[in-house]
file work.txt (compact mmCIF, C-alpha atoms)
# COMPACT_ATOMS: atom_id res chain seq x y z
CA MET S 267 126.49 78.53 95.99
CA ALA S 268 123.19 77.44 94.56
CA SER S 269 122.90 73.79 93.64
CA GLU S 270 123.03 72.82 89.96
CA ASN S 271 119.33 71.98 90.11
CA VAL S 272 118.59 75.65 90.63
CA LYS S 273 118.37 77.87 87.55
CA THR S 274 119.04 81.59 87.33
CA PHE S 275 116.35 83.74 85.75
CA THR S 276 116.81 87.32 84.56
CA ASP S 277 114.56 90.19 83.53
CA ALA S 278 115.21 89.16 79.93
CA ASN S 279 114.06 85.55 80.15
CA PHE S 280 111.70 85.56 83.12
CA SER S 281 108.32 85.45 81.37
CA ASP S 282 109.48 82.75 78.94
CA GLU S 283 110.88 80.62 81.74
CA VAL S 284 107.71 80.57 83.85
CA LYS S 285 105.40 79.98 80.85
CA SER S 286 104.92 76.25 81.37
CA GLY S 287 104.99 73.79 84.21
CA VAL S 288 105.29 74.52 87.92
CA VAL S 289 108.06 76.99 88.70
CA LEU S 290 109.28 78.20 92.10
CA VAL S 291 111.26 81.46 91.99
CA ASP S 292 113.39 82.73 94.89
CA PHE S 293 113.93 86.51 94.84
CA TRP S 294 117.12 87.33 96.70
CA ALA S 295 120.11 89.66 97.01
CA ALA S 296 123.65 89.23 98.25
CA TRP S 297 123.11 91.68 101.14
CA CYS S 298 119.98 89.97 102.47
CA ALA S 299 120.72 87.86 105.56
CA PRO S 300 117.41 85.95 105.67
CA CYS S 301 117.90 85.09 101.98
CA ARG S 302 121.01 83.17 102.95
CA ARG S 303 118.91 81.21 105.45
CA ILE S 304 116.30 80.15 102.93
CA ALA S 305 118.80 79.36 100.13
CA PRO S 306 119.74 75.85 101.39
CA ILE S 307 116.04 75.02 101.78
CA VAL S 308 115.40 76.13 98.19
CA ASP S 309 118.34 73.95 97.07
CA GLN S 310 116.89 70.94 98.91
CA LEU S 311 113.45 71.49 97.39
CA ALA S 312 115.01 71.63 93.91
CA GLU S 313 116.65 68.30 94.54
CA GLU S 314 113.61 66.61 96.08
CA PHE S 315 111.20 67.77 93.37
CA THR S 316 113.57 67.15 90.42
CA GLY S 317 111.59 66.60 87.21
CA ARG S 318 108.35 67.86 88.72
CA LEU S 319 109.26 71.41 89.67
CA THR S 320 111.55 74.02 88.16
CA VAL S 321 113.39 76.01 90.80
CA ALA S 322 115.09 79.30 89.99
CA LYS S 323 116.60 82.39 91.57
CA VAL S 324 116.37 86.04 90.62
CA ASP S 325 119.01 88.45 91.93
CA ILE S 326 117.00 91.60 92.49
CA ASP S 327 120.05 93.88 92.33
CA GLU S 328 120.73 92.84 88.75
CA ASN S 329 117.13 92.36 87.71
CA PRO S 330 114.95 95.20 89.02
CA MET S 331 112.09 94.85 86.50
CA THR S 332 110.75 91.45 87.52
CA PRO S 333 110.42 92.14 91.28
CA SER S 334 108.78 95.45 90.47
CA LYS S 335 106.32 93.76 88.07
CA PHE S 336 105.24 91.32 90.77
CA MET S 337 105.31 94.02 93.48
CA VAL S 338 108.02 92.27 95.47
CA ARG S 339 108.94 94.73 98.23
CA GLY S 340 110.65 92.48 100.69
CA ILE S 341 113.01 89.55 100.36
CA PRO S 342 113.24 86.67 100.55
CA THR S 343 110.05 86.28 98.54
CA LEU S 344 109.17 83.02 96.82
CA LEU S 345 106.70 83.05 93.94
CA LEU S 346 105.13 79.87 92.58
CA PHE S 347 103.89 79.88 88.98
CA LYS S 348 101.83 77.23 87.20
CA ASP S 349 101.75 77.52 83.39
CA GLY S 350 102.58 81.20 83.61
CA ASP S 351 100.02 82.09 86.28
CA LEU S 352 101.14 83.29 89.70
CA LYS S 353 99.63 80.85 92.22
CA GLU S 354 101.45 81.45 95.52
CA THR S 355 103.46 84.21 97.19
CA VAL S 356 105.54 83.38 100.23
CA VAL S 357 107.18 86.34 101.95
CA GLY S 358 109.96 85.87 104.48
CA LEU S 359 111.32 82.72 106.05
CA GLU S 360 109.26 79.57 105.91
CA THR S 361 110.05 76.03 106.97
CA LYS S 362 110.77 73.31 104.43
CA ASP S 363 107.73 71.33 105.59
CA ARG S 364 105.43 74.25 104.94
CA LEU S 365 106.99 75.00 101.53
CA THR S 366 106.65 71.34 100.57
CA GLN S 367 102.93 71.50 101.39
CA ILE S 368 102.51 74.67 99.31
CA ILE S 369 104.31 73.14 96.31
CA ASN S 370 102.39 69.86 96.54
CA LYS S 371 99.08 71.72 96.18
CA HIS S 372 100.02 72.61 92.62
CA LEU S 373 101.70 69.44 91.36
CA MET L 228 121.15 63.08 141.38
CA THR L 229 123.23 61.16 138.85
CA THR L 230 122.21 60.32 135.34
CA ALA L 231 123.37 57.23 133.49
CA LEU L 232 124.04 58.10 129.86
CA ARG L 233 123.29 55.78 127.01
CA ASP L 234 125.59 55.83 123.99
CA THR L 235 122.83 56.92 121.66
CA ASP L 236 121.78 59.83 123.81
CA ARG L 237 123.00 63.32 123.43
CA GLN L 238 124.05 64.93 126.67
CA VAL L 239 123.07 68.43 125.62
CA ILE L 240 120.90 69.69 122.81
CA ILE L 241 120.60 73.44 122.32
CA ILE L 242 117.68 74.88 120.39
CA GLY L 243 118.52 78.22 118.82
CA SER L 244 121.69 79.83 117.48
CA GLY L 245 121.69 83.45 118.59
CA PRO L 246 124.17 84.79 121.17
CA ALA L 247 122.55 82.68 123.93
CA GLY L 248 122.48 79.39 122.01
CA LEU L 249 125.99 79.71 120.58
CA THR L 250 127.54 80.80 123.90
CA ALA L 251 125.86 77.80 125.55
CA ALA L 252 127.32 75.66 122.75
CA LEU L 253 130.78 77.14 123.27
CA TYR L 254 130.75 76.41 127.01
CA ALA L 255 129.16 72.96 126.63
CA ALA L 256 131.68 72.05 123.91
CA ARG L 257 134.60 73.17 126.08
CA ALA L 258 133.15 70.99 128.88
CA ASN L 259 133.41 68.09 126.42
CA LEU L 260 129.65 67.55 126.29
CA LYS L 261 129.59 67.46 122.45
CA PRO L 262 126.53 69.68 122.19
CA LEU L 263 124.19 69.56 119.22
CA VAL L 264 122.79 72.93 118.18
CA ILE L 265 119.57 72.96 116.18
CA GLU L 266 119.93 76.39 114.68
CA GLY L 267 116.38 77.09 113.56
CA ILE L 268 115.11 78.98 110.56
CA GLU L 269 116.13 82.33 112.00
CA ALA L 270 119.70 81.05 112.38
CA GLY L 271 122.04 83.48 114.07
CA GLY L 272 119.09 85.21 115.68
CA GLN L 273 118.15 88.87 115.69
CA LEU L 274 121.73 90.11 115.24
CA MET L 275 121.69 88.70 111.71
CA LEU L 276 119.24 91.47 110.83
CA THR L 277 121.18 94.33 112.40
CA THR L 278 124.04 96.41 111.06
CA MET L 279 126.69 97.78 113.40
CA VAL L 280 126.61 96.47 116.98
CA GLU L 281 128.30 99.08 119.15
CA ASN L 282 127.59 97.66 122.60
CA TRP L 283 129.26 94.24 122.37
CA PRO L 284 132.18 94.51 124.81
CA GLY L 285 135.63 94.34 123.31
CA TYR L 286 134.89 95.91 119.94
CA ARG L 287 135.46 99.61 120.54
CA ASP L 288 134.62 100.51 116.93
CA GLY L 289 131.67 98.15 116.78
CA ILE L 290 131.19 94.94 114.83
CA MET L 291 128.60 94.05 112.20
CA GLY L 292 125.87 91.82 113.67
CA PRO L 293 126.14 89.04 111.05
CA LYS L 294 129.95 89.04 111.38
CA LEU L 295 129.72 88.69 115.16
CA MET L 296 127.39 85.72 114.79
CA LEU L 297 129.66 84.02 112.24
CA GLU L 298 132.59 84.47 114.64
CA LEU L 299 130.62 83.07 117.57
CA ARG L 300 129.47 80.13 115.50
CA ALA L 301 133.01 79.33 114.33
CA GLN L 302 134.27 79.63 117.92
CA ALA L 303 131.67 77.10 119.16
CA GLU L 304 132.49 74.73 116.28
CA ARG L 305 136.22 75.00 117.00
CA PHE L 306 135.61 73.29 120.34
CA GLY L 307 133.41 70.57 118.90
CA ALA L 308 129.85 71.90 118.87
CA GLU L 309 127.81 70.30 116.11
CA ILE L 310 125.39 72.66 114.40
CA ILE L 311 122.55 71.48 112.19
CA GLN L 312 120.00 73.37 110.12
CA GLY L 313 116.32 72.93 110.66
CA ASP L 314 113.55 73.66 113.08
CA VAL L 315 112.36 71.53 115.97
CA THR L 316 108.91 70.40 114.86
CA SER L 317 107.87 68.62 118.06
CA LEU L 318 109.28 67.70 121.42
CA ASP L 319 108.34 65.56 124.38
CA LEU L 320 109.66 66.66 127.76
CA SER L 321 107.50 64.31 129.83
CA LYS L 322 110.39 61.90 130.50
CA ARG L 323 114.16 61.78 130.22
CA PRO L 324 115.83 61.42 127.84
CA PHE L 325 113.82 64.17 126.20
CA THR L 326 112.71 63.48 122.63
CA LEU L 327 112.93 66.05 119.83
CA HIS L 328 111.96 65.83 116.20
CA VAL L 329 113.51 67.92 113.47
CA GLU L 330 111.12 67.11 110.65
CA LYS L 331 111.49 63.30 110.44
CA THR L 332 114.71 62.91 112.40
CA ARG L 333 114.47 62.00 116.08
CA TYR L 334 116.94 63.11 118.72
CA LEU L 335 117.24 62.06 122.36
CA THR L 336 118.94 64.17 124.98
CA GLU L 337 119.54 64.13 128.72
CA THR L 338 119.47 67.92 129.00
CA LEU L 339 117.98 70.62 126.86
CA ILE L 340 118.93 74.27 126.58
CA ILE L 341 116.24 76.45 125.08
CA ALA L 342 117.54 79.56 123.36
CA THR L 343 114.83 80.11 120.77
CA GLY L 344 114.81 83.87 121.29
CA ALA L 345 112.08 86.23 120.26
CA SER L 346 110.71 87.39 116.92
CA ALA L 347 109.53 90.79 115.77
CA LYS L 348 106.05 91.67 116.87
CA TRP L 349 103.43 92.73 114.34
CA LEU L 350 100.67 95.25 114.88
CA ASP L 351 97.30 93.80 115.81
CA LEU L 352 95.64 94.99 112.63
CA GLY L 353 95.66 91.89 110.40
CA VAL L 354 96.23 94.12 107.40
CA ASP L 355 99.92 94.51 108.32
CA LYS L 356 100.58 90.78 107.85
CA LYS L 357 98.59 90.73 104.63
CA LEU L 358 100.77 93.53 103.23
CA SER L 359 104.00 91.92 104.47
CA GLY L 360 106.46 91.98 101.57
CA ARG L 361 104.17 94.51 99.88
CA GLY L 362 105.44 97.52 101.78
CA VAL L 363 105.11 96.37 105.39
CA SER L 364 108.29 95.02 106.94
CA THR L 365 109.88 94.23 110.30
CA CYS L 366 113.42 94.36 108.90
CA ALA L 367 114.87 97.58 107.52
CA THR L 368 118.20 96.03 106.53
CA CYS L 369 116.31 93.38 104.53
CA ASP L 370 113.73 95.49 102.78
CA GLY L 371 114.96 99.10 102.94
CA PHE L 372 116.44 98.65 99.45
CA PHE L 373 112.97 98.72 97.90
CA PHE L 374 112.27 102.22 99.24
CA LYS L 375 115.16 104.15 97.75
CA GLY L 376 113.91 107.68 97.05
CA LEU L 377 110.50 107.03 98.61
CA PRO L 378 108.87 108.17 101.87
CA VAL L 379 108.54 105.59 104.64
CA ALA L 380 107.28 105.36 108.22
CA VAL L 381 108.74 103.57 111.24
CA ILE L 382 106.44 102.53 114.07
CA GLY L 383 107.84 102.36 117.60
CA GLY L 384 110.04 104.25 120.05
CA GLY L 385 112.68 101.80 121.22
CA ASP L 386 116.19 100.97 120.03
CA THR L 387 114.90 98.70 117.26
CA ALA L 388 112.70 101.45 115.83
CA MET L 389 115.53 104.04 116.03
CA GLU L 390 117.99 101.71 114.35
CA GLU L 391 115.49 101.11 111.56
CA ALA L 392 114.83 104.83 111.17
CA ILE L 393 118.55 105.69 111.03
CA TYR L 394 119.24 102.94 108.51
CA LEU L 395 116.29 103.98 106.34
CA SER L 396 117.20 107.68 106.47
CA LYS L 397 120.09 106.90 104.14
CA LEU L 398 117.74 105.39 101.53
CA ALA L 399 114.32 106.97 101.85
CA THR L 400 113.49 110.61 101.10
CA GLN L 401 111.70 111.04 104.40
CA VAL L 402 111.39 108.80 107.47
CA THR L 403 108.49 109.50 109.81
CA VAL L 404 108.66 107.84 113.20
CA ILE L 405 105.24 107.21 114.72
CA HIS L 406 105.21 106.62 118.45
CA ARG L 407 102.39 106.06 120.94
CA ARG L 408 104.01 108.17 123.65
CA ASP L 409 105.69 111.58 123.80
CA THR L 410 109.15 110.28 124.72
CA LEU L 411 111.34 107.57 123.27
CA ARG L 412 112.27 104.38 125.12
CA ALA L 413 115.43 104.10 123.01
CA SER L 414 118.88 104.55 124.54
CA LYS L 415 120.20 108.11 124.67
CA VAL L 416 122.86 107.52 122.02
CA MET L 417 120.30 106.12 119.55
CA GLN L 418 117.91 109.00 120.26
CA ASP L 419 120.62 111.59 119.62
CA LYS L 420 121.56 109.92 116.36
CA ALA L 421 117.94 109.81 115.18
CA PHE L 422 117.26 113.44 116.20
CA SER L 423 120.36 114.57 114.29
CA MET L 424 119.17 113.15 110.95
CA PRO L 425 117.58 115.93 108.90
CA ASN L 426 115.12 113.62 107.13
CA ILE L 427 113.81 111.83 110.23
CA SER L 428 110.71 113.43 111.74
CA PHE L 429 108.53 112.34 114.64
CA ILE L 430 104.79 112.10 115.19
CA TRP L 431 104.17 111.72 118.93
CA ASN L 432 101.22 110.28 120.90
CA THR L 433 99.93 108.60 117.81
CA GLU L 434 98.97 105.08 116.82
CA VAL L 435 98.37 103.41 113.49
CA VAL L 436 94.76 102.28 113.09
CA ASP L 437 94.89 101.09 109.47
CA ILE L 438 97.30 100.57 106.57
CA LYS L 439 96.12 101.28 103.04
CA ASP L 440 95.71 99.89 100.45
CA LEU L 441 94.89 96.19 100.63
CA ALA L 442 92.86 96.33 97.40
CA GLN L 443 95.89 97.58 95.45
CA GLY L 444 98.13 95.08 97.22
CA LYS L 445 100.63 97.72 98.30
CA VAL L 446 101.17 100.35 100.96
CA THR L 447 99.94 103.80 99.99
CA SER L 448 99.21 105.46 103.34
CA LEU L 449 98.72 105.03 107.08
CA MET L 450 95.59 106.00 108.94
CA LEU L 451 96.64 107.54 112.27
CA ARG L 452 94.92 108.49 115.49
CA ASN L 453 96.22 110.80 118.20
CA THR L 454 96.04 108.91 121.50
CA HIS L 455 95.27 112.10 123.47
CA THR L 456 92.85 114.00 121.25
CA GLY L 457 91.52 111.14 119.13
CA ALA L 458 92.16 113.27 116.04
CA ALA L 459 92.46 111.21 112.85
CA SER L 460 95.00 111.84 110.11
CA GLU L 461 96.50 110.14 107.07
CA LEU L 462 100.18 109.89 106.17
CA ALA L 463 101.17 109.00 102.61
CA VAL L 464 104.08 106.51 102.56
CA ASP L 465 105.30 103.70 100.31
CA GLY L 466 106.67 101.59 103.11
CA VAL L 467 106.13 101.03 106.80
CA PHE L 468 108.61 99.37 109.15
CA ILE L 469 107.35 97.94 112.42
CA GLY L 470 109.71 98.17 115.41
CA ILE L 471 107.38 97.71 118.37
CA GLY L 472 109.20 94.92 120.13
CA HIS L 473 109.34 91.16 120.16
CA THR L 474 107.38 88.09 121.22
CA PRO L 475 109.18 85.05 122.64
CA ASN L 476 109.34 81.93 120.49
CA THR L 477 107.74 79.58 123.01
CA ALA L 478 104.81 78.03 121.11
CA LEU L 479 106.62 74.65 121.09
CA PHE L 480 106.77 74.53 124.88
CA LYS L 481 103.17 75.37 125.69
CA GLY L 482 101.77 72.97 128.26
CA GLN L 483 105.24 71.51 128.94
CA LEU L 484 107.08 74.37 130.67
CA ALA L 485 105.91 77.15 132.98
CA MET L 486 105.60 80.54 131.31
CA HIS L 487 104.78 84.09 132.34
CA ASP L 488 101.50 85.58 131.10
CA ASN L 489 103.39 87.28 128.27
CA GLY L 490 104.68 83.95 126.98
CA TYR L 491 108.28 84.21 128.23
CA LEU L 492 109.66 81.06 129.87
CA LYS L 493 109.94 81.15 133.65
CA THR L 494 113.43 80.50 134.99
CA HIS L 495 114.70 80.26 138.56
CA HIS L 496 118.05 79.70 140.32
CA GLY L 497 120.00 80.68 137.25
CA SER L 498 118.74 79.15 134.03
CA ARG L 499 116.47 76.41 135.38
CA THR L 500 112.99 76.08 133.90
CA SER L 501 110.07 74.35 135.61
CA LEU L 502 111.46 70.95 134.52
CA PRO L 503 114.71 69.46 135.86
CA GLY L 504 117.20 69.07 133.02
CA VAL L 505 115.64 71.79 130.88
CA PHE L 506 117.39 75.16 130.93
CA ALA L 507 116.59 78.41 129.15
CA ALA L 508 118.79 81.31 128.06
CA GLY L 509 118.51 84.57 126.18
CA ASP L 510 115.46 86.49 125.05
CA VAL L 511 113.14 83.48 125.33
CA GLN L 512 113.26 83.93 129.12
CA ASP L 513 114.26 87.59 129.39
CA HIS L 514 111.67 90.31 128.90
CA VAL L 515 113.72 92.87 130.82
CA TYR L 516 117.28 93.27 129.48
CA ARG L 517 117.14 91.61 126.03
CA GLN L 518 120.70 92.47 125.06
CA ALA L 519 123.12 90.38 123.01
CA VAL L 520 125.58 90.39 125.89
CA THR L 521 123.02 89.38 128.53
CA ALA L 522 121.81 86.64 126.20
CA ALA L 523 125.38 85.39 125.84
CA GLY L 524 125.84 85.56 129.62
CA SER L 525 122.72 83.53 130.29
CA GLY L 526 123.80 81.03 127.62
CA CYS L 527 126.97 80.49 129.59
CA MET L 528 124.93 80.00 132.78
CA ALA L 529 122.68 77.44 131.07
CA ALA L 530 125.68 75.42 129.83
CA ILE L 531 127.23 75.39 133.31
CA ASP L 532 123.89 74.42 134.86
CA ALA L 533 123.44 71.61 132.34
CA GLU L 534 126.96 70.34 132.98
CA ARG L 535 126.35 70.31 136.75
CA PHE L 536 122.99 68.61 136.27
CA LEU L 537 124.67 65.85 134.23
CA SER L 538 127.38 65.33 136.81
CA GLY L 539 124.90 65.35 139.66
CA THR L 540 126.30 68.47 141.27
CA LEU L 541 123.45 70.86 140.50
CA HIS L 542 121.92 71.52 143.86
CA GLU L 543 118.26 71.89 144.57
CA SER L 544 118.48 75.41 145.84
CA HIS L 545 120.82 78.33 146.21
CA GLU L 546 120.76 77.84 149.97
CA GLU L 547 122.16 74.37 149.49
CA GLU L 548 124.72 75.71 147.05
CA LEU L 549 125.85 78.33 149.55
CA LYS L 550 126.40 75.61 152.13
CA MET L 551 128.50 73.64 149.67
CA THR L 552 130.79 76.54 148.88
CA LYS L 553 131.37 77.56 152.48

call {"tool": "encode", "arguments": {"input": "work.txt", "output": "structure tokens"}}
result
Amino acid sequence: MASENVKTFTDANFSDEVKSGVVLVDFWAAWCAPCRRIAPIVDQLAEEFTGRLTVAKVDIDENPMTPSKFMVRGIPTLLLFKDGDLKETVVGLETKDRLTQIINKHL
Amino acid sequence: MTTALRDTDRQVIIIGSGPAGLTAALYAARANLKPLVIEGIEAGGQLMLTTMVENWPGYRDGIMGPKLMLELRAQAERFGAEIIQGDVTSLDLSKRPFTLHVEKTRYLTETLIIATGASAKWLDLGVDKKLSGRGVSTCATCDGFFFKGLPVAVIGGGDTAMEEAIYLSKLATQVTVIHRRDTLRASKVMQDKAFSMPNISFIWNTEVVDIKDLAQGKVTSLMLRNTHTGAASELAVDGVFIGIGHTPNTALFKGQLAMHDNGYLKTHHGSRTSLPGVFAAGDVQDHVYRQAVTAAGSGCMAAIDAERFLSGTLHESHEEELKMTK
């Protein structure tokens, strides 16, 4: 289960939710094994960056529009938005150290 | 040689959690060595990305790869193996106990079992990595979903490529396998399965020279070249899956352990590496067999070797060992 610091975005609210601040979105699906590997790292990041970074998940099975809009064609994919603009795309597994560096660039 | 253990030291640390790492953990745990497994970001190893495993002995109807790894993990934990998340970020093998860092946490250990495995190889084009997650993938079970009702290509001629092609044939309209040679390296049973699928076709003696279209940020086609005639062609696809083999995960050990030219760790007399007290198991040291069951077997060997090393009964050579058992 995702930690309580991690929000759930949907096709309906996605563009509103990323409009302001720094937002990290984890695109995942229940059948994706590597997604299960990155999930605890995403949870930890949400905890460590509380107040400075919004962390959210999008289930691509239930929300097909958003991944298609951002041309996500492999998961896990992490997208980082700052005030509505897409700043970073991370495809596949990445270490927590590396993700921390990427996030810090935009805080 | 005997080794005095300090309370704070681990006796065995295992890096990696595929069949080799977890089998080593199982054996080390049963030998009461309280092993610590650092599972790594690709926890569970390559089997986590496969579907049905039909060549693991004892499961006559096959077992799903992720399920097998969960079982193996639970079995190791049942006997006291401790498994932690994270990647080893640095290690010092210059003196015993060996020192490892997992991010900021330091671990000391008297013996080390390396089971870091191998990761999917990319083409040498550059463009393939740039389009990763944009239509280029090394994992059909992860990314096949995005190509429902679309044409895709699979590059390679081994078991990995055939498994990807067969999996994708249930999702994609058409799967084109592109292979450098005119025969497959894949096992007979996988070949037969692939040949029997009506929507899998083959392009032989052909290599991929470019993937389009970087400017659009997605895959639109492959530029191909026949390796015999040099003839160029273009194949329109929405996705391309690379199944051309694996490279060993040995970057951490460069300069500290002896390796073959292809980057695989050198082992001798069972699982021994070039350093006493450091053992290797599974794909990280095996560029020949690379099977789940051989990885598990070598994991068992590494655990037994580590146990003997700790108790001072690991002999310098097989000749010496033969003398002892006479």

call {"tool": "atom_distance", "arguments": {"input": "work.txt", "atom1": "CA of Val404 in chain L", "atom2": "CA of Val464 in chain L"}}
result
11.7 Å

call {"tool": "atom_distance", "arguments": {"input": "work.txt", "atom1": "CA of Ala507 in chain L", "atom2": "CA of Tyr334 in chain L"}}
result
18.5 Å

call {"tool": "closest_residue", "arguments": {"input": "work.txt", "among": "L:Gln238, L:Ser359, L:Thr336, L:Thr326", "to": "chain S", "atoms": "only C-alpha atoms"}}
result
L:Ser359

call {"tool": "interface_residues", "arguments": {"input": "work.txt", "of": "chain S", "to": "chain L", "cutoff": "6 Å", "atoms": "all atoms listed in the file", "output": "PyMOL selection string"}}
result
chain S and resi 298+339-340+357

call {"tool": "write_last_selection", "arguments": {"input": "work.txt", "atoms": "C-alpha atoms", "output": "mmCIF file, keeping the file's coordinate frame"}}
result
data_model
loop_
_atom_site.group_PDB
_atom_site.id
_atom_site.type_symbol
_atom_site.label_atom_id
_atom_site.label_comp_id
_atom_site.auth_asym_id
_atom_site.auth_seq_id
_atom_site.Cartn_x
_atom_site.Cartn_y
_atom_site.Cartn_z
ATOM 1 C CA CYS S 298 119.980 89.970 102.470
ATOM 2 C CA ARG S 339 108.940 94.730 98.230
ATOM 3 C CA GLY S 340 110.650 92.480 100.690
ATOM 4 C CA VAL S 357 107.180 86.340 101.950
#

call {"tool": "atom_distance", "arguments": {"input": "work.txt", "atom1": "CA of Thr250 in chain L", "atom2": "CA of Ile311 in chain L"}}
result
15.8 Å

call {"tool": "residues_around", "arguments": {"input": "work.txt", "residues": "Ala312 in chain S", "least_positions_apart": "5", "cutoff": "10 Å", "atoms": "all atoms listed in the file", "output": "list in words"}}
result
Ser269, Glu270, Asn271, Val272, Lys273, Leu290, Pro306, Ile307, Gly317, Arg318, Leu319, Thr320, Val321 and Ala322 of chain S

call {"tool": "residues_around", "arguments": {"input": "work.txt", "residues": "Ala296 in chain S", "least_positions_apart": "6", "cutoff": "12 Å", "atoms": "all atoms listed in the file", "output": "compact mmCIF listing (two decimals) with C-alpha atoms, in the frame of the given file"}}
result
# COMPACT_ATOMS: atom_id res chain seq x y z
CA MET S 267 126.49 78.53 95.99
CA ARG S 302 121.01 83.17 102.95
CA ARG S 303 118.91 81.21 105.45
CA ALA S 305 118.80 79.36 100.13
CA LYS S 323 116.60 82.39 91.57
CA VAL S 324 116.37 86.04 90.62
CA ASP S 325 119.01 88.45 91.93
CA ILE S 326 117.00 91.60 92.49
CA ASP S 327 120.05 93.88 92.33
CA GLU S 328 120.73 92.84 88.75
CA ILE S 341 113.01 89.55 100.36
CA PRO S 342 113.24 86.67 100.55
CA CYS L 369 116.31 93.38 104.53
CA PHE L 372 116.44 98.65 99.45

call {"tool": "closest_residue", "arguments": {"input": "work.txt", "among": "L:Arg237, L:Ala247, L:Ser396, L:Met389", "to": "Arg333 in chain L", "atoms": "only C-alpha atoms"}}
result
L:Arg237

call {"tool": "residues_around", "arguments": {"input": "work.txt", "residues": "Met291 in chain L", "least_positions_apart": "6", "cutoff": "8 Å", "atoms": "all atoms listed in the file", "output": "PDB file with C-alpha atoms, in the coordinates of the input"}}
result
ATOM      1  CA  THR L 277     121.180  94.330 112.400  1.00  0.00           C
ATOM      2  CA  THR L 278     124.040  96.410 111.060  1.00  0.00           C
ATOM      3  CA  MET L 279     126.690  97.780 113.400  1.00  0.00           C
ATOM      4  CA  VAL L 280     126.610  96.470 116.980  1.00  0.00           C
TER       5      VAL L 280
END

call {"tool": "closest_residue", "arguments": {"input": "work.txt", "among": "S:Ser281, S:Phe275, S:Glu313, S:Val356", "to": "Thr343 in chain S", "atoms": "all atoms listed in the file"}}
result
S:Val356

call {"tool": "residues_near_point", "arguments": {"input": "work.txt", "point": "(120.0, 74.1, 117.4)", "cutoff": "6 Å", "atoms": "all atoms listed in the file", "output": "list in words"}}
result
Ile241, Ile242, Gly243, Ser244, Val264, Ile265 and Glu266 of chain L

call {"tool": "closest_residue", "arguments": {"input": "work.txt", "among": "S:Phe315, S:Thr276, S:Ile369, S:Asn329", "to": "Leu345 in chain S", "atoms": "all atoms listed in the file"}}
result
S:Ile369

call {"tool": "decode", "arguments": {"input": "work.txt", "residues": "range 273-284 of chain L", "atoms": "N, CA and C atoms", "output": "mmCIF file, in the first residue's frame"}}
result
data_model
loop_
_atom_site.group_PDB
_atom_site.id
_atom_site.type_symbol
_atom_site.label_atom_id
_atom_site.label_comp_id
_atom_site.auth_asym_id
_atom_site.auth_seq_id
_atom_site.Cartn_x
_atom_site.Cartn_y
_atom_site.Cartn_z
ATOM 1 N N GLN L 273 16.013 -11.323 -12.767
ATOM 2 C CA GLN L 273 15.380 -11.369 -14.088
ATOM 3 C C GLN L 273 14.057 -12.132 -14.099
ATOM 4 N N LEU L 274 13.892 -13.102 -13.198
ATOM 5 C CA LEU L 274 12.642 -13.884 -13.210
ATOM 6 C C LEU L 274 11.431 -13.034 -12.857
ATOM 7 N N MET L 275 11.657 -11.890 -12.207
ATOM 8 C CA MET L 275 10.544 -11.005 -11.877
ATOM 9 C C MET L 275 9.905 -10.434 -13.139
ATOM 10 N N LEU L 276 10.643 -10.455 -14.228
ATOM 11 C CA LEU L 276 10.146 -9.870 -15.475
ATOM 12 C C LEU L 276 9.669 -10.936 -16.459
ATOM 13 N N THR L 277 9.648 -12.183 -16.027
ATOM 14 C CA THR L 277 9.200 -13.242 -16.935
ATOM 15 C C THR L 277 7.775 -13.651 -16.584
ATOM 16 N N THR L 278 7.195 -14.496 -17.403
ATOM 17 C CA THR L 278 5.867 -15.018 -17.111
ATOM 18 C C THR L 278 6.031 -16.453 -16.596
ATOM 19 N N MET L 279 5.635 -17.421 -17.412
ATOM 20 C CA MET L 279 5.680 -18.806 -16.962
ATOM 21 C C MET L 279 7.089 -19.377 -17.107
ATOM 22 N N VAL L 280 7.617 -19.940 -16.023
ATOM 23 C CA VAL L 280 8.915 -20.614 -16.067
ATOM 24 C C VAL L 280 8.627 -22.111 -16.151
ATOM 25 N N GLU L 281 9.009 -22.713 -17.260
ATOM 26 C CA GLU L 281 8.642 -24.118 -17.470
ATOM 27 C C GLU L 281 9.812 -25.067 -17.290
ATOM 28 N N ASN L 282 10.990 -24.520 -16.945
ATOM 29 C CA ASN L 282 12.162 -25.388 -16.803
ATOM 30 C C ASN L 282 12.751 -25.363 -15.399
ATOM 31 N N TRP L 283 11.947 -24.954 -14.415
ATOM 32 C CA TRP L 283 12.394 -25.047 -13.017
ATOM 33 C C TRP L 283 11.963 -26.427 -12.520
ATOM 34 N N PRO L 284 12.915 -27.282 -12.139
ATOM 35 C CA PRO L 284 12.556 -28.658 -11.801
ATOM 36 C C PRO L 284 11.524 -28.728 -10.671
#
